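Student: This is protein_24.txt (compact mmCIF, N, CA, C and O atoms).
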```txt
# COMPACT_ATOMS: atom_id res chain seq x y z
N MET R 1 119.15 -38.40 -12.53
CA MET R 1 118.90 -37.60 -11.33
C MET R 1 119.30 -36.16 -11.61
O MET R 1 120.37 -35.86 -12.11
N LEU R 2 118.44 -35.25 -11.24
CA LEU R 2 118.67 -33.83 -11.44
C LEU R 2 119.55 -33.29 -10.31
O LEU R 2 119.25 -33.46 -9.15
N LEU R 3 120.64 -32.66 -10.67
CA LEU R 3 121.52 -32.05 -9.69
C LEU R 3 121.40 -30.54 -9.80
O LEU R 3 121.67 -29.96 -10.86
N LYS R 4 120.99 -29.92 -8.73
CA LYS R 4 120.87 -28.46 -8.72
C LYS R 4 122.25 -27.87 -8.53
O LYS R 4 122.98 -28.25 -7.63
N GLN R 5 122.60 -26.96 -9.38
CA GLN R 5 123.92 -26.36 -9.36
C GLN R 5 123.92 -25.09 -8.51
O GLN R 5 124.20 -24.00 -8.99
N LEU R 6 123.65 -25.25 -7.22
CA LEU R 6 123.54 -24.11 -6.33
C LEU R 6 124.87 -23.36 -6.22
O LEU R 6 124.88 -22.13 -6.14
N GLY R 7 125.98 -24.07 -6.25
CA GLY R 7 127.28 -23.41 -6.17
C GLY R 7 127.52 -22.48 -7.35
O GLY R 7 128.02 -21.36 -7.18
N VAL R 8 127.15 -22.92 -8.54
CA VAL R 8 127.30 -22.08 -9.74
C VAL R 8 126.35 -20.89 -9.64
O VAL R 8 126.74 -19.75 -9.95
N VAL R 9 125.13 -21.12 -9.20
CA VAL R 9 124.16 -20.04 -9.05
C VAL R 9 124.67 -19.02 -8.03
O VAL R 9 124.58 -17.81 -8.24
N LYS R 10 125.25 -19.50 -6.95
CA LYS R 10 125.82 -18.61 -5.92
C LYS R 10 126.90 -17.73 -6.54
O LYS R 10 126.94 -16.52 -6.29
N ASP R 11 127.77 -18.30 -7.35
CA ASP R 11 128.82 -17.53 -8.02
C ASP R 11 128.22 -16.45 -8.93
O ASP R 11 128.70 -15.32 -8.97
N ILE R 12 127.18 -16.81 -9.66
CA ILE R 12 126.52 -15.86 -10.57
C ILE R 12 125.91 -14.71 -9.79
O ILE R 12 126.07 -13.54 -10.13
N VAL R 13 125.19 -15.04 -8.73
CA VAL R 13 124.54 -14.03 -7.90
C VAL R 13 125.58 -13.11 -7.26
O VAL R 13 125.44 -11.88 -7.26
N GLU R 14 126.66 -13.68 -6.75
CA GLU R 14 127.70 -12.88 -6.11
C GLU R 14 128.44 -12.00 -7.12
O GLU R 14 128.86 -10.90 -6.78
N SER R 15 128.58 -12.47 -8.35
CA SER R 15 129.24 -11.65 -9.37
C SER R 15 128.43 -10.39 -9.69
O SER R 15 128.97 -9.41 -10.19
N ALA R 16 127.14 -10.42 -9.38
CA ALA R 16 126.27 -9.25 -9.59
C ALA R 16 126.16 -8.40 -8.33
O ALA R 16 125.35 -7.49 -8.26
N GLY R 17 126.97 -8.73 -7.31
CA GLY R 17 127.01 -7.94 -6.09
C GLY R 17 125.91 -8.25 -5.10
O GLY R 17 125.61 -7.43 -4.23
N MET R 18 125.34 -9.44 -5.18
CA MET R 18 124.27 -9.84 -4.26
C MET R 18 124.68 -11.12 -3.55
O MET R 18 125.74 -11.66 -3.81
N ALA R 19 123.81 -11.58 -2.67
CA ALA R 19 124.06 -12.83 -1.96
C ALA R 19 122.76 -13.62 -1.86
O ALA R 19 121.66 -13.07 -1.91
N ILE R 20 122.91 -14.91 -1.72
CA ILE R 20 121.76 -15.79 -1.48
C ILE R 20 121.47 -15.74 0.01
O ILE R 20 122.35 -15.96 0.84
N SER R 21 120.23 -15.43 0.36
CA SER R 21 119.86 -15.39 1.77
C SER R 21 119.32 -16.73 2.25
O SER R 21 119.45 -17.07 3.43
N TYR R 22 118.72 -17.51 1.34
CA TYR R 22 118.11 -18.77 1.74
C TYR R 22 117.83 -19.61 0.50
O TYR R 22 117.41 -19.06 -0.52
N ALA R 23 118.07 -20.88 0.59
CA ALA R 23 117.71 -21.81 -0.49
C ALA R 23 116.84 -22.91 0.12
O ALA R 23 117.18 -23.48 1.15
N TYR R 24 115.72 -23.16 -0.51
CA TYR R 24 114.80 -24.19 -0.03
C TYR R 24 114.22 -24.92 -1.23
O TYR R 24 113.61 -24.30 -2.10
N ASP R 25 114.41 -26.23 -1.27
CA ASP R 25 113.93 -27.08 -2.34
C ASP R 25 114.37 -26.51 -3.68
O ASP R 25 115.56 -26.50 -3.97
N ASP R 26 113.48 -26.02 -4.51
CA ASP R 26 113.87 -25.51 -5.83
C ASP R 26 113.94 -23.98 -5.87
O ASP R 26 114.19 -23.40 -6.91
N LEU R 27 113.76 -23.32 -4.72
CA LEU R 27 113.75 -21.86 -4.67
C LEU R 27 115.04 -21.32 -4.07
O LEU R 27 115.59 -21.88 -3.13
N VAL R 28 115.50 -20.20 -4.63
CA VAL R 28 116.69 -19.52 -4.14
C VAL R 28 116.31 -18.07 -3.87
O VAL R 28 115.98 -17.33 -4.80
N PHE R 29 116.33 -17.69 -2.59
CA PHE R 29 115.97 -16.34 -2.19
C PHE R 29 117.22 -15.46 -2.18
O PHE R 29 118.25 -15.86 -1.65
N ILE R 30 117.10 -14.28 -2.75
CA ILE R 30 118.20 -13.33 -2.83
C ILE R 30 118.05 -12.32 -1.69
O ILE R 30 116.93 -11.99 -1.29
N ASP R 31 119.16 -11.80 -1.21
CA ASP R 31 119.16 -10.97 0.01
C ASP R 31 118.29 -9.73 -0.03
O ASP R 31 117.93 -9.21 1.00
N HIS R 32 117.88 -9.24 -1.15
CA HIS R 32 117.09 -8.01 -1.18
C HIS R 32 115.62 -8.25 -1.51
O HIS R 32 114.83 -7.32 -1.50
N ASN R 33 115.23 -9.46 -1.85
CA ASN R 33 113.84 -9.85 -2.13
C ASN R 33 113.18 -9.16 -3.31
O ASN R 33 111.96 -9.18 -3.43
N ALA R 34 113.93 -8.52 -4.19
CA ALA R 34 113.32 -7.92 -5.38
C ALA R 34 112.94 -9.02 -6.38
O ALA R 34 112.03 -8.85 -7.18
N PHE R 35 113.63 -10.14 -6.30
CA PHE R 35 113.30 -11.30 -7.13
C PHE R 35 113.83 -12.55 -6.45
O PHE R 35 114.61 -12.47 -5.50
N LEU R 36 113.38 -13.68 -6.92
CA LEU R 36 113.91 -14.97 -6.46
C LEU R 36 114.12 -15.86 -7.66
O LEU R 36 113.61 -15.60 -8.74
N LEU R 37 114.90 -16.89 -7.46
CA LEU R 37 115.22 -17.83 -8.53
C LEU R 37 114.57 -19.17 -8.24
O LEU R 37 114.41 -19.55 -7.08
N GLN R 38 114.21 -19.87 -9.30
CA GLN R 38 113.60 -21.20 -9.15
C GLN R 38 114.22 -22.15 -10.15
O GLN R 38 114.20 -21.90 -11.36
N PHE R 39 114.77 -23.25 -9.64
CA PHE R 39 115.29 -24.29 -10.52
C PHE R 39 114.13 -24.91 -11.29
O PHE R 39 113.03 -25.03 -10.77
N THR R 40 114.38 -25.29 -12.53
CA THR R 40 113.37 -25.97 -13.35
C THR R 40 113.73 -27.44 -13.46
O THR R 40 114.68 -27.90 -12.84
N ALA R 41 113.02 -28.16 -14.29
CA ALA R 41 113.29 -29.57 -14.52
C ALA R 41 114.57 -29.79 -15.32
O ALA R 41 115.05 -30.90 -15.43
N HIS R 42 115.11 -28.71 -15.88
CA HIS R 42 116.35 -28.80 -16.65
C HIS R 42 117.52 -28.40 -15.75
O HIS R 42 117.47 -27.37 -15.07
N ASN R 43 118.55 -29.19 -15.75
CA ASN R 43 119.67 -29.04 -14.83
C ASN R 43 120.33 -27.66 -14.87
O ASN R 43 120.80 -27.17 -13.87
N ASN R 44 120.36 -27.01 -16.01
CA ASN R 44 121.08 -25.75 -16.14
C ASN R 44 120.16 -24.55 -16.32
O ASN R 44 120.60 -23.51 -16.78
N GLU R 45 118.90 -24.67 -15.93
CA GLU R 45 117.93 -23.60 -16.17
C GLU R 45 117.24 -23.18 -14.88
O GLU R 45 116.85 -24.02 -14.08
N LEU R 46 117.09 -21.86 -14.72
CA LEU R 46 116.35 -21.30 -13.60
C LEU R 46 115.39 -20.24 -14.10
O LEU R 46 115.65 -19.61 -15.13
N LEU R 47 114.31 -20.04 -13.37
CA LEU R 47 113.37 -18.96 -13.65
C LEU R 47 113.64 -17.82 -12.68
O LEU R 47 113.99 -18.04 -11.52
N ILE R 48 113.49 -16.60 -13.17
CA ILE R 48 113.61 -15.41 -12.33
C ILE R 48 112.21 -14.86 -12.11
O ILE R 48 111.56 -14.40 -13.05
N HIS R 49 111.74 -14.93 -10.87
CA HIS R 49 110.43 -14.41 -10.50
C HIS R 49 110.64 -13.06 -9.81
O HIS R 49 111.46 -12.95 -8.89
N ILE R 50 109.88 -12.04 -10.22
CA ILE R 50 110.03 -10.70 -9.68
C ILE R 50 108.98 -10.45 -8.60
O ILE R 50 107.80 -10.78 -8.77
N ASN R 51 109.41 -9.85 -7.50
CA ASN R 51 108.52 -9.47 -6.43
C ASN R 51 107.55 -8.42 -6.97
O ASN R 51 107.96 -7.43 -7.58
N SER R 52 106.26 -8.62 -6.75
CA SER R 52 105.25 -7.71 -7.28
C SER R 52 105.38 -6.30 -6.70
O SER R 52 104.86 -5.34 -7.27
N GLU R 53 106.10 -6.14 -5.58
CA GLU R 53 106.30 -4.82 -4.97
C GLU R 53 107.62 -4.18 -5.39
O GLU R 53 107.92 -3.06 -4.98
N ALA R 54 108.41 -4.86 -6.18
CA ALA R 54 109.72 -4.34 -6.59
C ALA R 54 109.57 -3.25 -7.65
O ALA R 54 108.59 -3.23 -8.40
N ASP R 55 110.55 -2.39 -7.71
CA ASP R 55 110.62 -1.37 -8.77
C ASP R 55 111.22 -2.06 -9.99
O ASP R 55 112.44 -2.15 -10.14
N GLU R 56 110.35 -2.57 -10.86
CA GLU R 56 110.79 -3.43 -11.96
C GLU R 56 111.83 -2.79 -12.87
O GLU R 56 112.79 -3.46 -13.25
N PRO R 57 111.71 -1.52 -13.25
CA PRO R 57 112.76 -0.94 -14.10
C PRO R 57 114.15 -0.99 -13.45
O PRO R 57 115.15 -1.23 -14.12
N LYS R 58 114.22 -0.80 -12.13
CA LYS R 58 115.51 -0.88 -11.44
C LYS R 58 116.02 -2.32 -11.39
O LYS R 58 117.21 -2.57 -11.48
N VAL R 59 115.12 -3.27 -11.26
CA VAL R 59 115.50 -4.68 -11.15
C VAL R 59 115.96 -5.23 -12.51
O VAL R 59 116.81 -6.11 -12.56
N GLN R 60 115.44 -4.70 -13.59
CA GLN R 60 115.75 -5.25 -14.92
C GLN R 60 117.24 -5.19 -15.24
O GLN R 60 117.77 -6.10 -15.88
N ALA R 61 117.93 -4.15 -14.82
CA ALA R 61 119.37 -4.06 -15.09
C ALA R 61 120.11 -5.21 -14.41
O ALA R 61 121.02 -5.83 -14.99
N THR R 62 119.72 -5.51 -13.18
CA THR R 62 120.34 -6.62 -12.45
C THR R 62 120.00 -7.95 -13.11
O THR R 62 120.86 -8.82 -13.25
N ILE R 63 118.77 -8.11 -13.53
CA ILE R 63 118.35 -9.35 -14.18
C ILE R 63 119.12 -9.55 -15.49
O ILE R 63 119.56 -10.66 -15.79
N THR R 64 119.30 -8.49 -16.24
CA THR R 64 120.07 -8.58 -17.48
C THR R 64 121.49 -9.04 -17.19
O THR R 64 122.03 -9.90 -17.89
N ARG R 65 122.09 -8.48 -16.14
CA ARG R 65 123.45 -8.90 -15.77
C ARG R 65 123.48 -10.37 -15.35
O ARG R 65 124.39 -11.11 -15.73
N LEU R 66 122.51 -10.78 -14.56
CA LEU R 66 122.45 -12.19 -14.14
C LEU R 66 122.36 -13.12 -15.35
O LEU R 66 123.03 -14.15 -15.40
N LYS R 67 121.52 -12.76 -16.30
CA LYS R 67 121.35 -13.60 -17.50
C LYS R 67 122.66 -13.70 -18.28
O LYS R 67 123.01 -14.78 -18.76
N THR R 68 123.38 -12.58 -18.39
CA THR R 68 124.66 -12.58 -19.10
C THR R 68 125.68 -13.43 -18.37
O THR R 68 126.37 -14.26 -18.98
N ASP R 69 125.79 -13.24 -17.06
CA ASP R 69 126.74 -14.03 -16.26
C ASP R 69 126.38 -15.51 -16.27
O ASP R 69 127.26 -16.37 -16.30
N ALA R 70 125.09 -15.81 -16.26
CA ALA R 70 124.64 -17.20 -16.30
C ALA R 70 125.03 -17.85 -17.62
O ALA R 70 125.53 -18.97 -17.66
N SER R 71 124.82 -17.14 -18.70
CA SER R 71 125.15 -17.66 -20.03
C SER R 71 126.64 -17.99 -20.13
O SER R 71 127.01 -19.02 -20.71
N ALA R 72 127.48 -17.15 -19.54
CA ALA R 72 128.93 -17.40 -19.57
C ALA R 72 129.30 -18.66 -18.79
O ALA R 72 130.36 -19.24 -19.03
N ARG R 73 128.42 -19.09 -17.89
CA ARG R 73 128.67 -20.30 -17.09
C ARG R 73 127.80 -21.47 -17.54
O ARG R 73 127.54 -22.39 -16.80
N LYS R 74 127.30 -21.39 -18.77
CA LYS R 74 126.48 -22.46 -19.37
C LYS R 74 125.19 -22.71 -18.60
O LYS R 74 124.67 -23.82 -18.54
N MET R 75 124.65 -21.63 -18.01
CA MET R 75 123.36 -21.69 -17.33
C MET R 75 122.40 -20.79 -18.08
O MET R 75 122.82 -19.86 -18.78
N ILE R 76 121.11 -21.05 -17.92
CA ILE R 76 120.07 -20.24 -18.56
C ILE R 76 119.15 -19.70 -17.46
O ILE R 76 118.58 -20.48 -16.69
N PHE R 77 119.03 -18.38 -17.40
CA PHE R 77 118.09 -17.74 -16.49
C PHE R 77 116.98 -17.16 -17.35
O PHE R 77 117.21 -16.31 -18.19
N ARG R 78 115.77 -17.66 -17.18
CA ARG R 78 114.61 -17.22 -17.97
C ARG R 78 113.66 -16.39 -17.10
O ARG R 78 113.62 -16.55 -15.89
N ASP R 79 112.90 -15.54 -17.78
CA ASP R 79 111.87 -14.77 -17.08
C ASP R 79 110.80 -15.72 -16.56
O ASP R 79 110.34 -16.61 -17.27
N GLY R 80 110.43 -15.52 -15.31
CA GLY R 80 109.37 -16.29 -14.70
C GLY R 80 108.13 -15.43 -14.58
O GLY R 80 107.77 -14.70 -15.49
N SER R 81 107.52 -15.46 -13.41
CA SER R 81 106.31 -14.69 -13.17
C SER R 81 106.57 -13.69 -12.05
O SER R 81 107.70 -13.31 -11.80
N TYR R 82 105.52 -13.29 -11.38
CA TYR R 82 105.61 -12.38 -10.24
C TYR R 82 105.18 -13.13 -8.99
O TYR R 82 104.45 -14.11 -9.05
N TYR R 83 105.66 -12.64 -7.85
CA TYR R 83 105.27 -13.27 -6.59
C TYR R 83 105.07 -12.18 -5.54
O TYR R 83 105.49 -11.05 -5.69
N SER R 84 104.39 -12.57 -4.47
CA SER R 84 104.23 -11.67 -3.33
C SER R 84 104.52 -12.46 -2.06
O SER R 84 104.33 -13.68 -2.00
N LEU R 85 105.00 -11.74 -1.06
CA LEU R 85 105.29 -12.32 0.25
C LEU R 85 104.38 -11.68 1.28
O LEU R 85 104.09 -10.48 1.21
N SER R 86 103.95 -12.47 2.24
CA SER R 86 103.17 -11.93 3.35
C SER R 86 103.52 -12.73 4.60
O SER R 86 104.01 -13.86 4.52
N GLN R 87 103.29 -12.12 5.74
CA GLN R 87 103.58 -12.76 7.02
C GLN R 87 102.53 -13.83 7.29
O GLN R 87 101.34 -13.57 7.19
N GLY R 88 102.98 -15.01 7.62
CA GLY R 88 102.08 -16.10 7.97
C GLY R 88 102.02 -16.26 9.48
O GLY R 88 102.34 -15.34 10.23
N ASP R 89 101.64 -17.43 9.92
CA ASP R 89 101.59 -17.74 11.34
C ASP R 89 103.00 -17.82 11.91
O ASP R 89 103.92 -18.30 11.25
N ASN R 90 103.16 -17.35 13.13
CA ASN R 90 104.44 -17.40 13.83
C ASN R 90 105.55 -16.79 12.97
O ASN R 90 105.47 -15.66 12.58
N GLU R 91 106.56 -17.59 12.67
CA GLU R 91 107.69 -17.10 11.88
C GLU R 91 107.58 -17.50 10.40
O GLU R 91 108.51 -17.31 9.63
N ASN R 92 106.45 -18.05 10.01
CA ASN R 92 106.27 -18.49 8.62
C ASN R 92 105.99 -17.31 7.70
O ASN R 92 105.41 -16.30 8.10
N ILE R 93 106.42 -17.46 6.47
CA ILE R 93 106.15 -16.47 5.43
C ILE R 93 105.36 -17.15 4.33
O ILE R 93 105.67 -18.28 3.93
N ASN R 94 104.33 -16.47 3.85
CA ASN R 94 103.54 -17.00 2.74
C ASN R 94 104.10 -16.46 1.43
O ASN R 94 104.33 -15.26 1.30
N LEU R 95 104.30 -17.35 0.48
CA LEU R 95 104.79 -17.00 -0.84
C LEU R 95 103.71 -17.37 -1.83
O LEU R 95 103.25 -18.51 -1.87
N GLU R 96 103.28 -16.39 -2.62
CA GLU R 96 102.22 -16.62 -3.60
C GLU R 96 102.68 -16.15 -4.97
O GLU R 96 103.09 -15.00 -5.13
N PHE R 97 102.63 -17.03 -5.95
CA PHE R 97 102.95 -16.66 -7.32
C PHE R 97 101.69 -16.12 -7.98
O PHE R 97 100.63 -16.72 -7.87
N VAL R 98 101.82 -14.97 -8.65
CA VAL R 98 100.65 -14.33 -9.26
C VAL R 98 100.83 -14.23 -10.76
O VAL R 98 101.90 -14.36 -11.28
```
Starting from the file, lay out its structure as structure tokens.
Tutor:
Amino acid sequence: MLLKQLGVVKDIVESAGMAISYAYDDLVFIDHNAFLLQFTAHNNELLIHINSEADEPKVQATITRLKTDASARKMIFRDGSYYSLSQGDNENINLEFV
């Protein structure tokens, strides 16, 4: 059985000066929406997906720090893809990976 290490991920995110705003299934949303994290089939691995509207050069420094902090905690943060968010019906948000 795969156990998602959300507590460890929370520690890593907070050590970089950020917070988790929402976790749903295998996705972890960060409070500023420049990127999100996704658990993979491997217990200690997550993908970092960058918001297509984010200023990628500014985000890369934070991603580098996350990867370093993750490695120190025996976790692996890998580059993922890009995503976009849009307003859906009512209070729903549409998430599309591009």
Student: Give me the residues within 6 Å of Ile48 of chain R as a list in words, counting only N, CA, C and O atoms and dropping any in the same chain fewer than 2 places off.
Tutor: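 Residues near the query, excluding close chain neighbours: Leu36, Leu37, Gln38, Leu46, Ile50, Phe77, Arg78, Asp79, Gly80 and Ser81 of chain R.
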Student: Going by DSSP on the backbone, which bits of chain R are helix (DSSP H, G or I)? Write them as a VMD selection string, please.
Tutor: chain R and resid 6 to 15 56 to 72
Student: Would you list the contacts of segment 59-66 of chain R as a short mmCIF file (atom, residue, chain, number, x, y, z; two decimals) with N, CA, C and O atoms, keeping the file's coordinate frame, taking every protein, DNA or RNA residue within 9 Å and counting only C-alpha atoms, but skipping same-chain residues closer than 2 positions in sequence?
Tutor:
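The resulting selection02.cif:
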```cif
data_model
loop_
_atom_site.label_atom_id
_atom_site.label_comp_id
_atom_site.auth_asym_id
_atom_site.auth_seq_id
_atom_site.Cartn_x
_atom_site.Cartn_y
_atom_site.Cartn_z
N ILE R 12 127.18 -16.81 -9.66
CA ILE R 12 126.52 -15.86 -10.57
C ILE R 12 125.91 -14.71 -9.79
O ILE R 12 126.07 -13.54 -10.13
N VAL R 13 125.19 -15.04 -8.73
CA VAL R 13 124.54 -14.03 -7.90
C VAL R 13 125.58 -13.11 -7.26
O VAL R 13 125.44 -11.88 -7.26
N SER R 15 128.58 -12.47 -8.35
CA SER R 15 129.24 -11.65 -9.37
C SER R 15 128.43 -10.39 -9.69
O SER R 15 128.97 -9.41 -10.19
N ALA R 16 127.14 -10.42 -9.38
CA ALA R 16 126.27 -9.25 -9.59
C ALA R 16 126.16 -8.40 -8.33
O ALA R 16 125.35 -7.49 -8.26
N ALA R 34 113.93 -8.52 -4.19
CA ALA R 34 113.32 -7.92 -5.38
C ALA R 34 112.94 -9.02 -6.38
O ALA R 34 112.03 -8.85 -7.18
N PHE R 35 113.63 -10.14 -6.30
CA PHE R 35 113.30 -11.30 -7.13
C PHE R 35 113.83 -12.55 -6.45
O PHE R 35 114.61 -12.47 -5.50
N ILE R 48 113.49 -16.60 -13.17
CA ILE R 48 113.61 -15.41 -12.33
C ILE R 48 112.21 -14.86 -12.11
O ILE R 48 111.56 -14.40 -13.05
N ILE R 50 109.88 -12.04 -10.22
CA ILE R 50 110.03 -10.70 -9.68
C ILE R 50 108.98 -10.45 -8.60
O ILE R 50 107.80 -10.78 -8.77
N ALA R 54 108.41 -4.86 -6.18
CA ALA R 54 109.72 -4.34 -6.59
C ALA R 54 109.57 -3.25 -7.65
O ALA R 54 108.59 -3.23 -8.40
N ASP R 55 110.55 -2.39 -7.71
CA ASP R 55 110.62 -1.37 -8.77
C ASP R 55 111.22 -2.06 -9.99
O ASP R 55 112.44 -2.15 -10.14
N GLU R 56 110.35 -2.57 -10.86
CA GLU R 56 110.79 -3.43 -11.96
C GLU R 56 111.83 -2.79 -12.87
O GLU R 56 112.79 -3.46 -13.25
N PRO R 57 111.71 -1.52 -13.25
CA PRO R 57 112.76 -0.94 -14.10
C PRO R 57 114.15 -0.99 -13.45
O PRO R 57 115.15 -1.23 -14.12
N THR R 68 123.38 -12.58 -18.39
CA THR R 68 124.66 -12.58 -19.10
C THR R 68 125.68 -13.43 -18.37
O THR R 68 126.37 -14.26 -18.98
N ASP R 69 125.79 -13.24 -17.06
CA ASP R 69 126.74 -14.03 -16.26
C ASP R 69 126.38 -15.51 -16.27
O ASP R 69 127.26 -16.37 -16.30
N ALA R 70 125.09 -15.81 -16.26
CA ALA R 70 124.64 -17.20 -16.30
C ALA R 70 125.03 -17.85 -17.62
O ALA R 70 125.53 -18.97 -17.66
N SER R 71 124.82 -17.14 -18.70
CA SER R 71 125.15 -17.66 -20.03
C SER R 71 126.64 -17.99 -20.13
O SER R 71 127.01 -19.02 -20.71
N PHE R 77 119.03 -18.38 -17.40
CA PHE R 77 118.09 -17.74 -16.49
C PHE R 77 116.98 -17.16 -17.35
O PHE R 77 117.21 -16.31 -18.19
N ASP R 79 112.90 -15.54 -17.78
CA ASP R 79 111.87 -14.77 -17.08
C ASP R 79 110.80 -15.72 -16.56
O ASP R 79 110.34 -16.61 -17.27
#
```
Student: Go through R:Lys74, R:Lys58, R:Lys4, R:Lys10 one by one, measure the shortest atom-to-atom distance of each to His42 of chain R using only C-alpha atoms, and give the residue with the smallest value.
Tutor: R:Lys4
Student: At what distance in Å, to one decimal, does atom CA of Asn33 of chain R lie from atom CA of Ser86 of chain R?
Tutor: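 Rounded to one decimal, the two atoms are 12.2 Å apart.
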Student: Can you measure atom N of Tyr22 of chain R to atom O of Val9 of chain R for me? One decimal in Å is fine.
Tutor: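 Straight-line distance from atom N of Tyr22 of chain R to atom O of Val9 of chain R works out to 11.2 Å.
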Student: (121.2, -13.0, -2.4) in this file's frame - what residues fall within 6 Å of it? Use only C-alpha atoms and give the answer as a list in words.
Tutor: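 Returned residue set, sorted by chain then number, is Met18, Ala19, Ile20, Ser21, Ile30 and Asp31 of chain R.
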Student: Apply DSSP to the backbone of this structure and, from chain R, keep only the residues in strand (DSSP E); write these as an MDAnalysis selection string.
Tutor: chainID R and resid 20:24 27:30 35:39 45:51 76:87 93:97
Student: For atom CA of Tyr82 of chain R and atom N of Asp11 of chain R, determine how far apart the two atoms are, in Å to one decimal place.
Tutor: 23.1 Å
Student: Using only N, CA, C and O atoms, which residue out of R:Val8, R:Val98, R:Leu27, R:Ile76 lies closest to Ser52 of chain R?
Tutor: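 Counting only N, CA, C and O atoms, the residue closest to Ser52 of chain R is R:Val98.
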Student: Working from the structure I just supplied, which lacks atoms in segment 76-82 of chain R, can you model all heavy atoms there and output them as an mmCIF file, keeping the file's coordinate frame?
Tutor:
```cif
data_model
loop_
_atom_site.group_PDB
_atom_site.id
_atom_site.type_symbol
_atom_site.label_atom_id
_atom_site.label_comp_id
_atom_site.auth_asym_id
_atom_site.auth_seq_id
_atom_site.Cartn_x
_atom_site.Cartn_y
_atom_site.Cartn_z
ATOM 1 N N ILE R 76 121.110 -21.050 -17.920
ATOM 2 C CA ILE R 76 120.070 -20.240 -18.560
ATOM 3 C C ILE R 76 119.150 -19.700 -17.460
ATOM 4 O O ILE R 76 118.580 -20.480 -16.690
ATOM 5 C CB ILE R 76 119.252 -21.077 -19.563
ATOM 6 C CG1 ILE R 76 120.165 -21.648 -20.639
ATOM 7 C CG2 ILE R 76 118.131 -20.238 -20.167
ATOM 8 C CD1 ILE R 76 119.503 -22.728 -21.474
ATOM 9 N N PHE R 77 119.030 -18.380 -17.400
ATOM 10 C CA PHE R 77 118.090 -17.740 -16.490
ATOM 11 C C PHE R 77 116.980 -17.160 -17.350
ATOM 12 O O PHE R 77 117.210 -16.310 -18.190
ATOM 13 C CB PHE R 77 118.771 -16.612 -15.706
ATOM 14 C CG PHE R 77 119.635 -17.069 -14.553
ATOM 15 C CD1 PHE R 77 120.160 -18.346 -14.488
ATOM 16 C CD2 PHE R 77 119.927 -16.208 -13.533
ATOM 17 C CE1 PHE R 77 120.957 -18.757 -13.429
ATOM 18 C CE2 PHE R 77 120.730 -16.593 -12.461
ATOM 19 C CZ PHE R 77 121.241 -17.872 -12.415
ATOM 20 N N ARG R 78 115.770 -17.660 -17.180
ATOM 21 C CA ARG R 78 114.610 -17.220 -17.970
ATOM 22 C C ARG R 78 113.660 -16.390 -17.100
ATOM 23 O O ARG R 78 113.620 -16.550 -15.890
ATOM 24 C CB ARG R 78 113.854 -18.427 -18.507
ATOM 25 C CG ARG R 78 114.650 -19.296 -19.451
ATOM 26 C CD ARG R 78 113.720 -20.258 -20.184
ATOM 27 N NE ARG R 78 114.452 -21.234 -20.949
ATOM 28 C CZ ARG R 78 115.019 -21.019 -22.114
ATOM 29 N NH1 ARG R 78 114.943 -19.842 -22.667
ATOM 30 N NH2 ARG R 78 115.664 -21.979 -22.750
ATOM 31 N N ASP R 79 112.900 -15.540 -17.780
ATOM 32 C CA ASP R 79 111.870 -14.770 -17.080
ATOM 33 C C ASP R 79 110.800 -15.720 -16.560
ATOM 34 O O ASP R 79 110.340 -16.610 -17.270
ATOM 35 C CB ASP R 79 111.231 -13.748 -18.021
ATOM 36 C CG ASP R 79 112.214 -12.667 -18.449
ATOM 37 O OD1 ASP R 79 113.194 -12.422 -17.718
ATOM 38 O OD2 ASP R 79 111.991 -12.060 -19.511
ATOM 39 N N GLY R 80 110.430 -15.520 -15.310
ATOM 40 C CA GLY R 80 109.370 -16.290 -14.700
ATOM 41 C C GLY R 80 108.130 -15.430 -14.580
ATOM 42 O O GLY R 80 107.770 -14.700 -15.490
ATOM 43 N N SER R 81 107.520 -15.460 -13.410
ATOM 44 C CA SER R 81 106.310 -14.690 -13.170
ATOM 45 C C SER R 81 106.570 -13.690 -12.050
ATOM 46 O O SER R 81 107.700 -13.310 -11.800
ATOM 47 C CB SER R 81 105.159 -15.630 -12.817
ATOM 48 O OG SER R 81 105.477 -16.372 -11.648
ATOM 49 N N TYR R 82 105.520 -13.290 -11.380
ATOM 50 C CA TYR R 82 105.610 -12.380 -10.240
ATOM 51 C C TYR R 82 105.180 -13.130 -8.990
ATOM 52 O O TYR R 82 104.450 -14.110 -9.050
ATOM 53 C CB TYR R 82 104.700 -11.163 -10.450
ATOM 54 C CG TYR R 82 105.152 -10.305 -11.604
ATOM 55 C CD1 TYR R 82 104.709 -10.560 -12.895
ATOM 56 C CD2 TYR R 82 106.036 -9.260 -11.404
ATOM 57 C CE1 TYR R 82 105.139 -9.785 -13.954
ATOM 58 C CE2 TYR R 82 106.473 -8.474 -12.463
ATOM 59 C CZ TYR R 82 106.028 -8.748 -13.736
ATOM 60 O OH TYR R 82 106.452 -7.985 -14.782
#
```
